Amino acid sequence: MFFPQHHFPSICIADPYDKFSRKIFLNQQSMRRLFSLSVRPNRSQFFEYESLTVSCEVQGSSAGWTLKRYTSTGKLSACGSDWGKQQGSSCIVSLILSDSGVYWCESGSGEHSTAVNITVHAGGVILESPALPVTEGDSVTLRCRYQGTPSDLTADFYKDGSLIRTETTAEMTIPAVSKSDEGLYKCSNSEGESPERLMTLTVLSPPVSLSVRPNRSQFFEYESLTVSCEVQGSSAGWTLKRYTSTGKLSACGSDWGKQQGSSCIVSLILSDSGVYWCESGSGEHSTAVNITVHAGAVILESPALPVTEGHSVTLRCRYRKDKEMNVTPSDLTADFYKDGSLIRTETTAEMTIPAVSKSDEGLYKCSNSEGESPERLMTLTGEEINIVHSFVEVTCGADVQAMVCIVFVCSRSTVSRWNLYLWSW
């Protein structure tokens with residue numbers, strides 16, 4: 001028995017990131033510690049009464065992480081409740097048939113590791129294959145194991161129901177697995193047949209990053225913005241997309257922006273305010289940025305992307321006299337606010353935070369004698385993560401007073417952390 005991957009309940013976490021007048025929310029949390037699930041022995045099928053050890057491995061400390069499972073009998077529980085023996089970060093299970101199910105590590109705050117399907121088989125033959133998805137290009141050996149003696153009987157190996165090979169050693173090796181090798185595998189010998197096992201690949205895509213020039217999130221109308229998708233090796237196949245404050249999802253070059261190589265150049269108008277990100281043909285996403293185009297005379301210049309803890313950050317209160325781009329004088333004495341409270345007055349219209357820390361996160365704005373800027377949420381980032389899977393869902397519902405639509409973009413990273421990008425209007 002196996003659980004298809006899409007049957008596993010993935011969880012997304014959302015927090016406010018920034019806002020327009022129509023309330024656009026975005027969450028781009030970073031994992032401070034990488035965590036993974038390990039299975040020993042590294043296989044997905046077991047005979048009854050064999051021993052299985054599943055561990056939650058976290059860089060630094062595994063404290064606060066729990067091994068959980070959802071069994072074929074429909075029960076959700078944690079190691080040590082009525083199954084398994086907890087030993088440090090590991091759980092040791094003496095397997096019986098009812099232990100078949102999906103196993104994963106979970107933190108107290110709801111973060112999840114990759115999940116594995118474990119099948120306990122009552123028959124005499126199992127297929128030994130890696131418990132976790134294999135990496136494209138790696139060598140993989142499948143073993144057809146018989147519970148009796150000898151255990152290495154001549155075996156037939158099947159993929160998606162078709163015979164692919166007969167091996168007298170009961171082993172079949174795929175030297176360099178590729179996408180075409182994904183599928184349902186099983187084996188049989190003179191003593192019986194194994195359950196089927198779904199083999200999937202992990203494709204490690206080159207990290208993609210989004211760059212914004214000039215590096216800020218607020219702009220005056222008619223200024224120029226360049227957003228680029230930067231990929232190690234080649235940016236081919238990546239598209240810059242956006243979701244605007246007017247509720248429109250589209251790609252650069254459709255009815256906005258001019259595509260130049262991996263960059264998109266935008267002559268900004270008010271309706272260009274929105275969330276921008278890079279997206280591949282297979283649905284992978286970069287970090288996203290909020291761009292605000294302001295009709296007023298004052299903006300707050302701050303980094304477009306989350307800043308790194310410990311780095312120096314300068315905020316500038318910029319004044320534009322008119323729409324002809326006259327910005328002199330732009331260095332009027334300015335008041336800087338965080339979360340609604342005045343924190344500093346600067347005659348140079350600049351405020352520098354020498355080494356940003358978690359306590360500096362918050363909503364910033366500035367004002368001078370000519371007006372006030374929109375608010376901007378400054379957040380910190382830890383280690384960068386490479387997103388390898390995502391999906392988009394649009395949900396609309398109505399109440400007595402208004403129609404509410406929500407766009408979900410849910411992305412999973414190589415550290416198996418699900419992030420939720422959420423926009424509502």
# chains A, B, ... in the order shown; residues from 1 in each chain; ligands from 1
$ select_by_dssp --residues "range 193-303 of chain A" --states "strand (DSSP E or B)" --output "ChimeraX atom specification"
/A:193,197-199,201-202,208-213,218-220,224-231,238-244,249-251,258-260,263-267,274-280,285,289-294,298-301
$ residues_around --residues "range 248-260 of chain A" --least-positions-apart "6" --cutoff "10 Å" --atoms "only C-alpha atoms" --output "VMD selection string"
chain A and resid 225 to 228 239 to 242 266 to 268 271 to 272 274 to 279
$ select_by_dssp --residues "range 58-257 of chain A" --states "helix (DSSP H, G or I)" --output "list in words"
Leu97, Ser98, Asp99, Lys179, Ser180 and Asp181 of chain A
$ closest_atom_pairs --of "range 156-256 of chain A" --to "range 114-126 of chain A" --cutoff "12 Å" --atoms "only C-alpha atoms" --output "Markdown table"
| residue | atom | partner | partner_atom | distance |
| --- | --- | --- | --- | --- |
| A:Asp156 | CA | A:Val125 | CA | 11.8 |
| A:Phe157 | CA | A:Ile126 | CA | 11.6 |
| A:Ala170 | CA | A:Ile126 | CA | 11.2 |
| A:Tyr185 | CA | A:Ile126 | CA | 11.0 |
| A:Lys186 | CA | A:Ile126 | CA | 8.2 |
| A:Cys187 | CA | A:Ile126 | CA | 7.6 |
| A:Ser188 | CA | A:Val125 | CA | 7.3 |
| A:Asn189 | CA | A:Val125 | CA | 7.9 |
| A:Ser190 | CA | A:Val125 | CA | 9.8 |
| A:Glu191 | CA | A:Gly124 | CA | 6.9 |
| A:Gly192 | CA | A:Val125 | CA | 5.9 |
| A:Glu193 | CA | A:Val125 | CA | 5.6 |
| A:Ser194 | CA | A:Ile126 | CA | 4.4 |
| A:Pro195 | CA | A:Ile126 | CA | 6.6 |
| A:Glu196 | CA | A:Ile126 | CA | 8.9 |
| A:Arg197 | CA | A:Thr119 | CA | 9.1 |
| A:Leu198 | CA | A:Asn117 | CA | 9.4 |
| A:Met199 | CA | A:Asn117 | CA | 11.0 |
| A:Thr200 | CA | A:Val116 | CA | 11.5 |
| A:Thr202 | CA | A:Thr114 | CA | 11.4 |
$ residues_around --residues "Thr169 in chain A" --least-positions-apart "3" --cutoff "8 Å" --atoms "only C-alpha atoms" --output "PyMOL selection string"
chain A and resi 152-155
$ residues_around --residues "Glu50 in chain A" --least-positions-apart "6" --cutoff "12 Å" --atoms "only C-alpha atoms" --output "list in words"
Arg40, Pro41, Ile92, Val93, Ser94, Leu95, Ile96, Leu97, Asp99, Thr119, Val120, His121, Ala122 and Gln147 of chain A
$ write_last_selection --atoms "N, CA, C and O atoms" --output "tab-separated table (two decimals), in the first residue's frame"
chain	number	residue	atom	x	y	z
A	40	ARG	N	16.05	4.55	8.42
A	40	ARG	CA	17.05	3.48	8.46
A	40	ARG	C	16.36	2.16	8.81
A	40	ARG	O	15.64	2.11	9.82
A	41	PRO	N	16.54	1.12	7.99
A	41	PRO	CA	17.22	1.12	6.68
A	41	PRO	C	16.46	1.97	5.67
A	41	PRO	O	15.25	2.14	5.79
A	92	ILE	N	12.07	4.47	17.15
A	92	ILE	CA	12.29	3.08	16.75
A	92	ILE	C	10.97	2.34	16.79
A	92	ILE	O	10.26	2.35	17.80
A	93	VAL	N	10.64	1.70	15.66
A	93	VAL	CA	9.34	1.03	15.53
A	93	VAL	C	9.55	-0.44	15.18
A	93	VAL	O	10.25	-0.76	14.21
A	94	SER	N	8.97	-1.34	15.98
A	94	SER	CA	8.91	-2.76	15.64
A	94	SER	C	7.63	-2.94	14.84
A	94	SER	O	6.52	-2.87	15.40
A	95	LEU	N	7.77	-3.17	13.55
A	95	LEU	CA	6.66	-3.01	12.62
A	95	LEU	C	5.64	-4.15	12.63
A	95	LEU	O	6.00	-5.33	12.63
A	96	ILE	N	4.38	-3.75	12.60
A	96	ILE	CA	3.27	-4.66	12.33
A	96	ILE	C	2.46	-4.05	11.19
A	96	ILE	O	2.71	-2.92	10.77
A	97	LEU	N	1.50	-4.80	10.66
A	97	LEU	CA	0.79	-4.36	9.47
A	97	LEU	C	0.14	-2.99	9.64
A	97	LEU	O	0.13	-2.17	8.72
A	99	ASP	N	1.18	-0.46	11.03
A	99	ASP	CA	2.15	0.64	11.03
A	99	ASP	C	2.35	1.23	9.63
A	99	ASP	O	3.09	2.21	9.48
A	119	THR	N	5.39	0.98	3.94
A	119	THR	CA	4.47	-0.13	3.74
A	119	THR	C	4.98	-1.36	4.46
A	119	THR	O	6.13	-1.78	4.24
A	120	VAL	N	4.17	-1.93	5.32
A	120	VAL	CA	4.50	-3.19	6.00
A	120	VAL	C	3.69	-4.28	5.31
A	120	VAL	O	2.45	-4.22	5.26
A	121	HIS	N	4.40	-5.28	4.77
A	121	HIS	CA	3.79	-6.28	3.88
A	121	HIS	C	3.71	-7.64	4.57
A	121	HIS	O	4.68	-8.10	5.17
A	122	ALA	N	2.54	-8.27	4.45
A	122	ALA	CA	2.33	-9.59	5.07
A	122	ALA	C	2.83	-10.72	4.18
A	122	ALA	O	3.00	-11.86	4.64
A	147	GLN	N	11.52	-13.20	1.79
A	147	GLN	CA	11.68	-13.35	3.23
A	147	GLN	C	12.35	-14.65	3.63
A	147	GLN	O	12.98	-14.75	4.68
$ atom_distance --atom1 "CA of Glu309 in chain A" --atom2 "CA of Thr379 in chain A"
9.3 Å
$ atom_distance --atom1 "CA of Val208 in chain A" --atom2 "CA of Ala288 in chain A"
11.4 Å
$ atom_distance --atom1 "CA of Asp331 in chain A" --atom2 "CA of Gly371 in chain A"
13.1 Å
$ residues_around --residues "Val54 in chain A" --least-positions-apart "3" --cutoff "6 Å" --atoms "only C-alpha atoms" --output "ChimeraX atom specification"
/A:38-39,90-91
